[in-house]
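What follows is the content of input17.txt (compact mmCIF, C-alpha atoms).
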# COMPACT_ATOMS: atom_id res chain seq x y z
CA MET A 1 115.71 -12.38 31.39
CA ALA A 2 116.62 -15.89 32.65
CA ASP A 3 115.96 -14.83 36.23
CA ALA A 4 112.37 -14.05 35.46
CA ALA A 5 111.54 -17.75 35.37
CA LYS A 6 112.89 -18.32 38.88
CA THR A 7 111.60 -15.31 40.74
CA PRO A 8 107.91 -14.54 40.96
CA PRO A 9 106.94 -11.39 39.12
CA ALA A 10 107.02 -8.33 41.34
CA LYS A 11 103.64 -6.96 42.27
CA PRO A 12 102.89 -3.82 40.32
CA ALA A 13 104.07 -0.94 42.45
CA LYS A 14 101.16 0.82 44.12
CA ALA A 15 101.08 4.36 42.84
CA ALA A 16 101.95 6.92 45.47
CA PRO A 17 98.90 8.85 46.65
CA LYS A 18 98.33 12.13 44.91
CA LYS A 19 97.88 15.44 46.67
CA PHE A 20 94.33 16.69 46.11
CA MET A 21 93.38 20.20 47.13
CA TYR A 22 89.85 21.52 47.11
CA VAL A 23 90.04 25.28 46.79
CA ASN A 24 87.03 27.10 48.21
CA ARG A 25 86.74 30.73 47.16
CA ARG A 26 82.99 31.20 47.34
CA ALA A 27 80.53 31.86 50.14
CA PRO A 28 77.87 29.25 50.94
CA TYR A 29 74.16 29.36 49.95
CA GLY A 30 74.27 32.15 47.31
CA THR A 31 75.38 29.45 44.88
CA ILE A 32 75.61 25.67 45.10
CA TYR A 33 79.38 25.56 44.57
CA ALA A 34 80.36 25.24 48.25
CA LEU A 35 77.92 22.38 48.86
CA GLU A 36 78.79 20.46 45.71
CA SER A 37 82.49 20.89 46.48
CA LEU A 38 81.92 19.34 49.90
CA GLU A 39 80.08 16.43 48.29
CA VAL A 40 83.16 15.72 46.19
CA VAL A 41 85.35 15.86 49.30
CA LEU A 42 83.18 13.25 51.03
CA ILE A 43 83.27 10.87 48.08
CA GLY A 44 86.96 11.52 47.46
CA ALA A 45 87.82 10.62 51.06
CA ALA A 46 87.33 6.94 50.21
CA PHE A 47 90.19 6.96 47.70
CA ASP A 48 93.21 7.04 50.04
CA GLN A 49 94.74 10.15 48.56
CA GLU A 50 96.26 13.09 50.42
CA VAL A 51 93.45 15.59 50.82
CA ALA A 52 93.47 19.22 51.89
CA LEU A 53 90.83 21.94 51.78
CA ALA A 54 91.80 25.57 51.22
CA PHE A 55 89.52 28.41 52.24
CA ILE A 56 90.48 31.69 50.67
CA ASP A 57 88.64 34.86 49.63
CA ASP A 58 84.87 34.46 50.29
CA GLY A 59 85.45 30.75 50.93
CA VAL A 60 86.24 31.59 54.57
CA PHE A 61 82.54 32.41 55.04
CA GLN A 62 81.77 28.70 54.61
CA LEU A 63 83.21 28.01 58.06
CA THR A 64 81.48 30.70 60.12
CA LYS A 65 79.69 29.70 63.31
CA GLY A 66 75.97 29.80 63.88
CA GLN A 67 74.67 29.24 60.36
CA ASP A 68 70.88 28.79 60.46
CA THR A 69 69.26 28.08 57.12
CA LYS A 70 65.77 27.28 58.44
CA PRO A 71 64.27 30.57 57.20
CA LEU A 72 65.65 29.80 53.73
CA GLY A 73 64.35 26.25 53.61
CA VAL A 74 67.68 24.93 52.35
CA LYS A 75 70.01 22.39 53.88
CA ASN A 76 72.54 23.71 56.40
CA PHE A 77 75.71 21.89 55.44
CA SER A 78 78.08 23.62 57.84
CA PRO A 79 77.91 20.74 60.40
CA THR A 80 79.30 18.45 57.68
CA PHE A 81 82.68 20.15 58.01
CA ARG A 82 82.83 18.90 61.61
CA ALA A 83 82.35 15.32 60.38
CA LEU A 84 85.26 15.46 57.92
CA GLY A 85 87.68 14.14 60.55
CA ASP A 86 85.78 10.84 60.59
CA TYR A 87 86.45 10.60 56.87
CA GLY A 88 90.18 11.14 57.40
CA VAL A 89 90.06 14.68 56.04
CA THR A 90 91.99 16.63 58.63
CA LYS A 91 93.62 19.53 56.80
CA LEU A 92 91.47 22.61 56.50
CA TYR A 93 93.71 25.54 55.59
CA VAL A 94 92.19 28.95 56.20
CA GLU A 95 93.91 32.03 54.89
CA LYS A 96 94.75 34.70 57.43
CA GLU A 97 94.55 37.67 55.06
CA SER A 98 91.17 36.52 53.71
CA LEU A 99 89.83 36.45 57.29
CA GLN A 100 91.27 39.88 58.08
CA GLU A 101 89.91 41.48 54.92
CA ARG A 102 86.44 40.33 55.97
CA GLY A 103 86.74 41.47 59.58
CA LEU A 104 86.88 37.89 60.84
CA THR A 105 89.15 36.05 63.23
CA ILE A 106 89.51 32.35 63.89
CA ALA A 107 87.07 32.85 66.79
CA ASP A 108 84.30 33.56 64.27
CA LEU A 109 84.75 30.10 62.75
CA GLN A 110 83.30 26.89 64.06
CA ALA A 111 85.76 24.51 65.73
CA VAL A 112 86.61 21.54 63.52
CA THR A 113 88.63 18.76 65.12
CA TYR A 114 89.79 15.23 64.42
CA GLU A 115 91.06 12.34 66.52
CA ASP A 116 94.69 11.67 65.72
CA GLU A 117 94.99 7.87 65.48
CA ASN A 118 98.79 8.18 65.50
CA ASP A 119 98.73 10.04 68.79
CA GLY A 120 96.42 8.12 71.12
CA PHE A 121 93.29 9.49 69.41
CA LYS A 122 93.97 12.90 70.89
CA GLU A 123 91.55 15.52 69.65
CA LYS A 124 93.33 18.07 67.46
CA PRO A 125 92.18 21.07 65.46
CA SER A 126 91.69 20.47 61.73
CA ILE A 127 91.68 24.17 60.91
CA GLN A 128 95.10 25.72 60.37
CA VAL A 129 95.43 29.42 59.69
CA LEU A 130 98.03 30.08 57.00
CA THR A 131 99.37 33.30 55.57
CA ARG A 132 98.74 34.03 51.91
CA ALA A 133 102.39 33.32 51.15
CA GLU A 134 102.18 29.93 52.87
CA MET A 135 98.94 29.14 51.03
CA GLY A 136 100.50 29.96 47.67
CA ALA A 137 103.45 27.70 48.41
CA ILE A 138 101.21 24.81 49.49
CA MET A 139 99.04 25.18 46.38
CA GLN A 140 102.07 24.77 44.19
CA LYS A 141 102.91 21.44 45.85
CA GLN A 142 99.55 19.89 44.90
CA ASP A 143 98.94 17.41 42.09
CA VAL A 144 95.25 18.04 41.57
CA LEU A 145 93.48 21.31 42.39
CA LEU A 146 89.71 21.30 42.26
CA ASN A 147 87.90 24.61 42.14
CA PHE A 148 84.16 24.72 41.68
CA MET B 1 107.40 22.41 39.65
CA THR B 2 105.50 25.31 38.35
CA MET B 3 101.79 25.74 37.98
CA LEU B 4 99.37 27.09 35.39
CA HIS B 5 96.71 29.47 36.66
CA THR B 6 93.71 30.13 34.41
CA ILE B 7 91.57 33.21 34.98
CA ASN B 8 88.23 33.59 33.21
CA LYS B 9 86.82 36.69 34.90
CA SER B 10 87.21 40.36 34.15
CA PRO B 11 89.24 42.05 36.91
CA PHE B 12 86.48 44.68 37.02
CA GLU B 13 83.94 42.02 37.99
CA ASN B 14 85.67 40.15 40.80
CA ASN B 15 89.01 39.40 42.44
CA ALA B 16 89.97 36.18 40.60
CA LEU B 17 92.95 37.74 38.81
CA SER B 18 94.07 39.68 41.85
CA SER B 19 93.80 36.61 44.07
CA ALA B 20 95.60 34.38 41.57
CA LEU B 21 98.45 36.90 41.34
CA LYS B 22 98.74 37.02 45.12
CA HIS B 23 99.11 33.23 45.30
CA ALA B 24 101.16 32.51 42.18
CA GLN B 25 104.76 31.51 42.79
CA LYS B 26 107.83 32.59 40.86
CA GLY B 27 107.96 30.85 37.48
CA ASP B 28 104.23 30.11 37.32
CA ALA B 29 102.17 30.85 34.22
CA ILE B 30 99.01 32.94 34.17
CA LEU B 31 96.59 32.33 31.30
CA LEU B 32 93.72 34.75 30.68
CA ILE B 33 90.69 33.18 28.97
CA GLU B 34 87.04 34.11 28.39
CA ASP B 35 86.27 37.43 30.19
CA GLY B 36 89.67 37.11 31.84
CA VAL B 37 91.22 38.62 28.71
CA TYR B 38 89.97 42.08 29.80
CA GLY B 39 92.63 41.86 32.48
CA ALA B 40 95.25 42.06 29.73
CA LEU B 41 94.27 45.58 28.65
CA LYS B 42 96.84 48.28 29.24
CA GLY B 43 96.06 51.57 30.90
CA THR B 44 93.33 50.23 33.18
CA THR B 45 93.04 50.39 36.96
CA ALA B 46 93.90 46.66 36.95
CA SER B 47 96.93 46.64 34.61
CA GLY B 48 99.34 47.50 37.40
CA ASP B 49 98.84 44.12 39.07
CA ILE B 50 100.11 42.24 36.01
CA TRP B 51 102.83 44.79 35.30
CA ALA B 52 104.16 44.33 38.83
CA ARG B 53 104.60 40.58 38.27
CA ARG B 54 105.88 40.69 34.67
CA VAL B 55 109.35 39.59 35.69
CA ASP B 56 108.70 36.56 37.89
CA LEU B 57 105.53 35.22 36.20
CA ARG B 58 104.75 34.47 32.56
CA PHE B 59 101.50 35.79 31.09
CA TYR B 60 99.44 34.32 28.26
CA VAL B 61 96.20 35.41 26.60
CA LEU B 62 93.92 33.11 24.59
CA SER B 63 93.68 34.78 21.19
CA ALA B 64 90.24 33.33 20.31
CA ASP B 65 88.73 35.08 23.33
CA LEU B 66 90.57 38.27 22.53
CA SER B 67 89.38 38.50 18.93
CA ALA B 68 85.82 37.53 19.89
CA ARG B 69 85.78 40.65 22.06
CA GLY B 70 87.20 42.93 19.38
CA LEU B 71 90.50 43.39 21.18
CA ALA B 72 93.86 43.57 19.43
CA LYS B 73 97.40 42.99 20.62
CA GLY B 74 98.17 46.71 20.49
CA GLN B 75 95.70 47.32 23.32
CA LEU B 76 97.41 44.88 25.65
CA ILE B 77 100.05 45.26 28.32
CA GLU B 78 103.44 44.75 26.71
CA GLY B 79 105.14 41.40 26.99
CA LEU B 80 102.05 39.17 27.13
CA ASN B 81 102.04 36.10 24.89
CA LEU B 82 99.10 35.38 22.59
CA ILE B 83 98.32 31.69 22.22
CA ASP B 84 95.68 29.48 20.59
CA TYR B 85 93.98 26.41 22.09
CA ALA B 86 96.91 24.22 21.06
CA GLY B 87 99.13 26.58 23.04
CA PHE B 88 96.73 26.24 25.99
CA VAL B 89 97.18 22.46 25.82
CA ASP B 90 100.97 22.91 25.78
CA LEU B 91 100.80 25.11 28.88
CA VAL B 92 98.81 22.40 30.66
CA THR B 93 101.27 19.65 29.79
CA THR B 94 104.41 21.67 30.56
CA HIS B 95 103.27 22.64 34.06
CA LYS B 96 102.94 20.18 36.91
CA SER B 97 99.39 21.23 37.74
CA SER B 98 96.77 23.76 36.87
CA GLN B 99 94.31 25.76 38.88
CA ALA B 100 91.19 27.45 37.53
CA TRP B 101 90.42 30.60 39.51
CA LEU B 102 86.67 30.34 38.99
CA MET C 1 99.91 12.72 28.02
CA LYS C 2 96.72 11.59 29.73
CA ILE C 3 94.44 14.59 30.29
CA SER C 4 91.03 14.86 31.93
CA ILE C 5 88.59 17.73 31.89
CA LEU C 6 86.02 18.90 34.43
CA VAL C 7 83.09 21.02 33.22
CA ASN C 8 81.16 22.81 35.97
CA GLU C 9 78.68 24.90 33.99
CA GLY C 10 75.86 24.17 31.60
CA PRO C 11 75.69 25.19 27.96
CA TYR C 12 74.96 28.70 26.64
CA THR C 13 74.77 30.74 29.88
CA HIS C 14 78.50 30.45 30.52
CA GLN C 15 81.38 30.02 28.12
CA ALA C 16 82.80 27.14 30.18
CA SER C 17 81.46 24.28 28.07
CA ASP C 18 82.55 25.93 24.81
CA SER C 19 86.02 26.55 26.22
CA ALA C 20 86.25 22.98 27.48
CA TYR C 21 85.13 21.64 24.09
CA GLN C 22 87.72 23.69 22.18
CA PHE C 23 90.40 22.66 24.65
CA THR C 24 89.45 18.96 24.42
CA LYS C 25 89.50 19.09 20.62
CA ALA C 26 92.93 20.76 20.63
CA ALA C 27 94.29 18.18 23.08
CA LEU C 28 93.09 15.32 20.86
CA GLU C 29 94.49 16.99 17.75
CA LYS C 30 97.86 17.20 19.48
CA GLY C 31 97.76 13.45 20.06
CA HIS C 32 97.06 13.48 23.77
CA GLU C 33 94.80 10.91 25.37
CA VAL C 34 91.66 12.39 26.89
CA PHE C 35 90.96 9.98 29.73
CA ARG C 36 87.57 11.41 30.65
CA VAL C 37 85.40 14.53 30.57
CA PHE C 38 83.36 14.87 33.75
CA PHE C 39 80.29 17.11 33.95
CA TYR C 40 79.39 18.44 37.40
CA ASN C 41 77.16 21.12 38.93
CA ASP C 42 75.08 22.70 36.14
CA GLY C 43 77.59 21.10 33.77
CA VAL C 44 75.31 18.06 33.71
CA ASN C 45 72.93 20.10 31.53
CA ASN C 46 75.37 19.64 28.65
CA GLY C 47 74.22 16.04 28.55
CA THR C 48 70.53 16.38 27.73
CA ARG C 49 69.42 15.29 24.27
CA LEU C 50 66.41 17.62 24.47
CA THR C 51 68.11 20.92 23.70
CA VAL C 52 67.04 22.50 20.42
CA PRO C 53 69.18 25.59 19.82
CA PRO C 54 68.36 27.93 16.91
CA GLN C 55 69.75 26.75 13.57
CA ASP C 56 72.29 29.57 13.31
CA ASP C 57 73.77 28.71 16.72
CA ARG C 58 76.14 25.90 17.63
CA ASN C 59 74.65 22.81 19.20
CA ILE C 60 76.86 22.28 22.23
CA GLN C 61 75.42 18.90 23.20
CA LYS C 62 75.79 17.62 19.65
CA ASN C 63 79.36 18.91 19.48
CA TRP C 64 80.23 16.85 22.54
CA SER C 65 78.33 13.77 21.36
CA GLU C 66 80.05 13.85 17.98
CA LEU C 67 83.47 14.38 19.48
CA ALA C 68 82.82 11.45 21.81
CA GLU C 69 81.85 9.20 18.95
CA LYS C 70 84.81 10.17 16.82
CA HIS C 71 87.42 9.73 19.56
CA LYS C 72 85.73 7.16 21.84
CA LEU C 73 85.61 9.77 24.59
CA ASP C 74 84.27 8.94 28.03
CA LEU C 75 81.74 11.70 28.84
CA VAL C 76 80.47 11.24 32.38
CA VAL C 77 77.62 13.14 33.98
CA CYS C 78 77.55 13.17 37.80
CA ILE C 79 74.58 11.21 39.04
CA ALA C 80 73.79 13.32 42.11
CA ALA C 81 74.07 16.59 40.19
CA ALA C 82 72.08 15.09 37.29
CA GLN C 83 69.24 13.91 39.50
CA ARG C 84 68.93 17.38 41.02
CA ARG C 85 68.61 18.85 37.55
CA GLY C 86 66.47 16.27 35.78
CA ILE C 87 69.02 14.51 33.61
CA LEU C 88 68.12 10.81 33.55
CA ASP C 89 69.14 7.66 31.75
CA GLU C 90 66.79 4.70 31.23
CA GLY C 91 67.71 3.07 34.53
CA GLU C 92 67.31 6.23 36.61
CA ALA C 93 64.04 7.20 34.90
CA LYS C 94 62.64 3.78 35.74
CA ARG C 95 64.02 3.74 39.28
CA HIS C 96 62.39 7.06 40.09
CA GLY C 97 59.12 6.23 38.34
CA LYS C 98 59.37 9.00 35.78
CA GLY C 99 57.64 7.01 33.06
CA ASP C 100 58.58 5.69 29.63
CA GLY C 101 60.57 8.02 27.43
CA ALA C 102 61.68 10.22 30.35
CA ALA C 103 65.33 9.34 29.84
CA ASN C 104 67.03 12.36 28.29
CA ILE C 105 70.73 11.56 28.47
CA ALA C 106 72.37 12.47 25.17
CA PRO C 107 74.27 9.99 22.98
CA GLY C 108 77.85 9.46 24.07
CA PHE C 109 77.20 10.57 27.66
CA ARG C 110 76.80 8.24 30.60
CA ILE C 111 75.63 8.86 34.16
CA SER C 112 77.88 7.73 36.98
CA GLY C 113 79.08 8.61 40.45
CA LEU C 114 81.43 11.29 41.75
CA GLY C 115 84.04 8.61 42.27
CA GLN C 116 84.67 8.88 38.53
CA LEU C 117 85.85 12.46 39.07
CA ILE C 118 88.30 11.42 41.77
CA GLU C 119 89.46 8.46 39.69
CA MET C 120 90.23 10.69 36.73
CA GLY C 121 92.27 12.94 39.01
CA ILE C 122 94.26 9.91 40.10
CA GLU C 123 94.64 8.27 36.70
CA SER C 124 95.36 11.34 34.58
CA ASP C 125 98.61 13.25 34.27
CA ARG C 126 96.70 16.53 34.19
CA LEU C 127 93.23 17.70 35.16
CA VAL C 128 91.85 20.94 33.73
CA VAL C 129 88.79 22.64 35.21
CA PHE C 130 86.33 24.84 33.31
CA GLY C 131 83.54 26.66 35.09
CA ASP C 132 82.35 30.07 36.13

Take the structure in this file and express it as structure tokens.
Amino acid sequence: MADAAKTPPAKPAKAAPKKFMYVNRRAPYGTIYALESLEVVLIGAAFDQEVALAFIDDGVFQLTKGQDTKPLGVKNFSPTFRALGDYGVTKLYVEKESLQERGLTIADLQAVTYEDENDGFKEKPSIQVLTRAEMGAIMQKQDVLLNF
Amino acid sequence: MTMLHTINKSPFENNALSSALKHAQKGDAILLIEDGVYGALKGTTASGDIWARRVDLRFYVLSADLSARGLAKGQLIEGLNLIDYAGFVDLVTTHKSSQAWL
Amino acid sequence: MKISILVNEGPYTHQASDSAYQFTKAALEKGHEVFRVFFYNDGVNNGTRLTVPPQDDRNIQKNWSELAEKHKLDLVVCIAAAQRRGILDEGEAKRHGKGDGAANIAPGFRISGLGQLIEMGIESDRLVVFGD
């Protein structure tokens, strides 16, 4: 290792970001899981990892338009999804079959967009509708899957 | 790059097992724990889902949860593997990732 | 391998904490490193020292505390989830004016932020989730 004395030690290689997926399978409000999952997403956004949210089964109900929780006296957290773009969270995968089974279409969901900094800050949709087969394939590519 | 799916719900209670099976990819492992072990019973309205995937997925049942519920191997769908917690740990380390279908 | 565990349910109502405990013990017995156990949602209730289960039942909190002591485990309770559910350490009890002796965090547990959950996902080779 004679060369080691002459050349400065290499910086430790920065670990490649991991792929984190938050899998949402539960409806909002009946339980706290949807809200506390979203709280993890917001904190996790600061860590420079690759982040995606999956909405399958009853999880698709989290994104419906027009949620009004005033009569319940609990916090309406659905607007928070629209702020995710500002946190760099821009991949919200919604499963087509889960929508269909529940009589929903993409038009029943609120619009969630982000400004693409690599494309002149053009506004683009964060929600992508995937088939169940596509969702399964994407899940398998993840490093860390968080279900609550 | 296969994945471990853990299911802890009875298939008669909710769709966790059914949903996991619809998303699992060829070569993945399915581990039934807690009330999920009821999904391993043969001759039920839910057994067909596992039977249909017996070739391209591998199925495991946590024996501690099985015996706690008074179930024996003879009552289970053929071809499922019984494992203990050490076997659970091995499944975690030998798959790239794991997903709990809560 | 470096393994971390997430526990999303409290003791007794759900099996999640028992399952997580048995899994953690098995992982340690196999010689794996348990980087951290993170308690979230109602899982924070595993970390109160005030539970007094009947004598013929297992003491889930004590099981965790003893395992932590034996293996130098890092048991972390989420601060936001803990505050919602009344799990406090000395500092939090003081900060929120809850009076002397209000701290109820169990031995071997510590209260910290959600960032610890993300960090364990990054630092560990595997993350296993237990919940309902």

Test item: chain C residues at most 8 Å from chain B, counting all atoms listed in the file, as JSON, numbers by chain: {"C": [1, 15, 19, 22, 23, 26, 27, 30, 126, 127, 128, 129, 130, 131, 132]}

The selected residues should be written to file as an mmCIF file, keeping the file's coordinate frame (atoms: C-alpha atoms).
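Final output, saved to out_20.cif:
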data_model
loop_
_atom_site.group_PDB
_atom_site.id
_atom_site.type_symbol
_atom_site.label_atom_id
_atom_site.label_comp_id
_atom_site.auth_asym_id
_atom_site.auth_seq_id
_atom_site.Cartn_x
_atom_site.Cartn_y
_atom_site.Cartn_z
ATOM 1 C CA MET C 1 99.910 12.720 28.020
ATOM 2 C CA GLN C 15 81.380 30.020 28.120
ATOM 3 C CA SER C 19 86.020 26.550 26.220
ATOM 4 C CA GLN C 22 87.720 23.690 22.180
ATOM 5 C CA PHE C 23 90.400 22.660 24.650
ATOM 6 C CA ALA C 26 92.930 20.760 20.630
ATOM 7 C CA ALA C 27 94.290 18.180 23.080
ATOM 8 C CA LYS C 30 97.860 17.200 19.480
ATOM 9 C CA ARG C 126 96.700 16.530 34.190
ATOM 10 C CA LEU C 127 93.230 17.700 35.160
ATOM 11 C CA VAL C 128 91.850 20.940 33.730
ATOM 12 C CA VAL C 129 88.790 22.640 35.210
ATOM 13 C CA PHE C 130 86.330 24.840 33.310
ATOM 14 C CA GLY C 131 83.540 26.660 35.090
ATOM 15 C CA ASP C 132 82.350 30.070 36.130
#

With the cut-off set at 6 Å and counting only C-alpha atoms, tabulate each residue of chain A with an atom at most that distance from an atom of chain B, showing the nearest atom pair and its distance in Å to one decimal, ordered by chain and increasing number, as a tab-separated table.
residue	atom	partner	partner_atom	distance
A:Gly136	CA	B:His23	CA	4.3
A:Asp143	CA	B:Ser97	CA	5.8
A:Leu145	CA	B:Gln99	CA	5.7

Per residue of chain C within 10 Å of chain A, which atom pair is closest and at what distance in Å (one decimal), using only C-alpha atoms, listed by chain and increasing number, as CSV?
residue,atom,partner,partner_atom,distance
C:Leu6,CA,A:Leu146,CA,9.0
C:Val7,CA,A:Phe148,CA,9.3
C:Asn8,CA,A:Phe148,CA,6.7
C:Glu9,CA,A:Phe148,CA,9.4
C:Tyr40,CA,A:Glu36,CA,8.6
C:Asn41,CA,A:Glu36,CA,7.0
C:Asp42,CA,A:Ile32,CA,9.5
C:Ala80,CA,A:Glu39,CA,9.4
C:Ala81,CA,A:Glu36,CA,8.2
C:Gly113,CA,A:Ile43,CA,9.0
C:Leu114,CA,A:Val40,CA,6.5
C:Gly115,CA,A:Ile43,CA,6.3
C:Gln116,CA,A:Gly44,CA,9.6
C:Leu117,CA,A:Val40,CA,8.3
C:Ile118,CA,A:Gly44,CA,5.8
C:Glu119,CA,A:Phe47,CA,8.2
C:Gly121,CA,A:Val144,CA,6.4
C:Ile122,CA,A:Lys18,CA,6.7
C:Glu123,CA,A:Ala15,CA,9.7
C:Ser124,CA,A:Val144,CA,9.7
C:Asp125,CA,A:Asp143,CA,8.9
C:Arg126,CA,A:Val144,CA,7.7
C:Leu127,CA,A:Val144,CA,6.7
C:Val128,CA,A:Leu146,CA,8.8
C:Val129,CA,A:Leu146,CA,7.2
C:Phe130,CA,A:Phe148,CA,8.6
C:Gly131,CA,A:Phe148,CA,6.9
C:Asp132,CA,A:Phe148,CA,7.9

Between atom CA of Leu17 of chain B and atom CA of Ser17 of chain C, distance in Å (one decimal): 20.7 Å

Minimum-distance residue to Ser10 of chain B, chosen among B:Gly79, B:Gly36, B:Gly70, B:Gly48 (using all atoms listed in the file):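 Once distances to Ser10 of chain B are computed over all atoms listed in the file, the minimum belongs to B:Gly36.
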
Best match for closeness to Leu130 of chain A among A:Gly103, A:Ile56, A:Ser78, A:Pro71, counting all atoms listed in the file: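 Among A:Gly103, A:Ile56, A:Ser78, A:Pro71, it is A:Ile56 that comes nearest to Leu130 of chain A.
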
Which residue of B:Glu13, B:Leu66, B:Asp49, B:Ile30 approaches Leu91 of chain B most closely, using all atoms listed in the file: B:Ile30

Between atom CA of Asp57 of chain A and atom CA of Arg26 of chain A, distance in Å (one decimal):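 Between atom CA of Asp57 of chain A and atom CA of Arg26 of chain A the gap works out to 7.1 Å.
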
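Atom CA of Ala111 of chain A sits 14.5 Å away from atom CA of Phe55 of chain A.
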
Mind checking which residues fall within 12 Å of Lys62 of chain C, counting only C-alpha atoms, ignoring those fewer than 2 positions away in the same chain, and posting them as a CSV table (one decimal) with C-alpha atoms, in the coordinates of the input?
chain,number,residue,atom,x,y,z
C,11,PRO,CA,75.7,25.2,28.0
C,18,ASP,CA,82.6,25.9,24.8
C,21,TYR,CA,85.1,21.6,24.1
C,46,ASN,CA,75.4,19.6,28.6
C,47,GLY,CA,74.2,16.0,28.6
C,48,THR,CA,70.5,16.4,27.7
C,49,ARG,CA,69.4,15.3,24.3
C,50,LEU,CA,66.4,17.6,24.5
C,51,THR,CA,68.1,20.9,23.7
C,52,VAL,CA,67.0,22.5,20.4
C,53,PRO,CA,69.2,25.6,19.8
C,57,ASP,CA,73.8,28.7,16.7
C,58,ARG,CA,76.1,25.9,17.6
C,59,ASN,CA,74.6,22.8,19.2
C,60,ILE,CA,76.9,22.3,22.2
C,64,TRP,CA,80.2,16.8,22.5
C,65,SER,CA,78.3,13.8,21.4
C,66,GLU,CA,80.0,13.8,18.0
C,67,LEU,CA,83.5,14.4,19.5
C,68,ALA,CA,82.8,11.4,21.8
C,69,GLU,CA,81.8,9.2,19.0
C,105,ILE,CA,70.7,11.6,28.5
C,106,ALA,CA,72.4,12.5,25.2
C,107,PRO,CA,74.3,10.0,23.0
C,108,GLY,CA,77.8,9.5,24.1
C,109,PHE,CA,77.2,10.6,27.7

Residues within 6 Å of (95.0, 18.6, 55.8), file coords, all atoms listed in the file, listed as JSON, numbers by chain: {"A": [52, 90, 91, 92]}

Nearest to Thr44 of chain B by atom-to-atom distance, counting only C-alpha atoms, from B:Leu32, B:Ala68, B:Ile77, B:Leu62: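 The closest residue to Thr44 of chain B is B:Ile77.
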
Of the listed residues B:His5, B:Ala29, B:Asn14, B:Lys42, that which approaches Asp56 of chain B most closely, counting all atoms listed in the file: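 For Asp56 of chain B, the nearest of the given residues is B:Ala29.
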
Residue with smallest distance to Phe35 of chain C - pool C:Asp56, C:Asp100, C:Asp74, C:Asp89, counting all atoms listed in the file: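 Counting all atoms listed in the file, the residue closest to Phe35 of chain C is C:Asp74.
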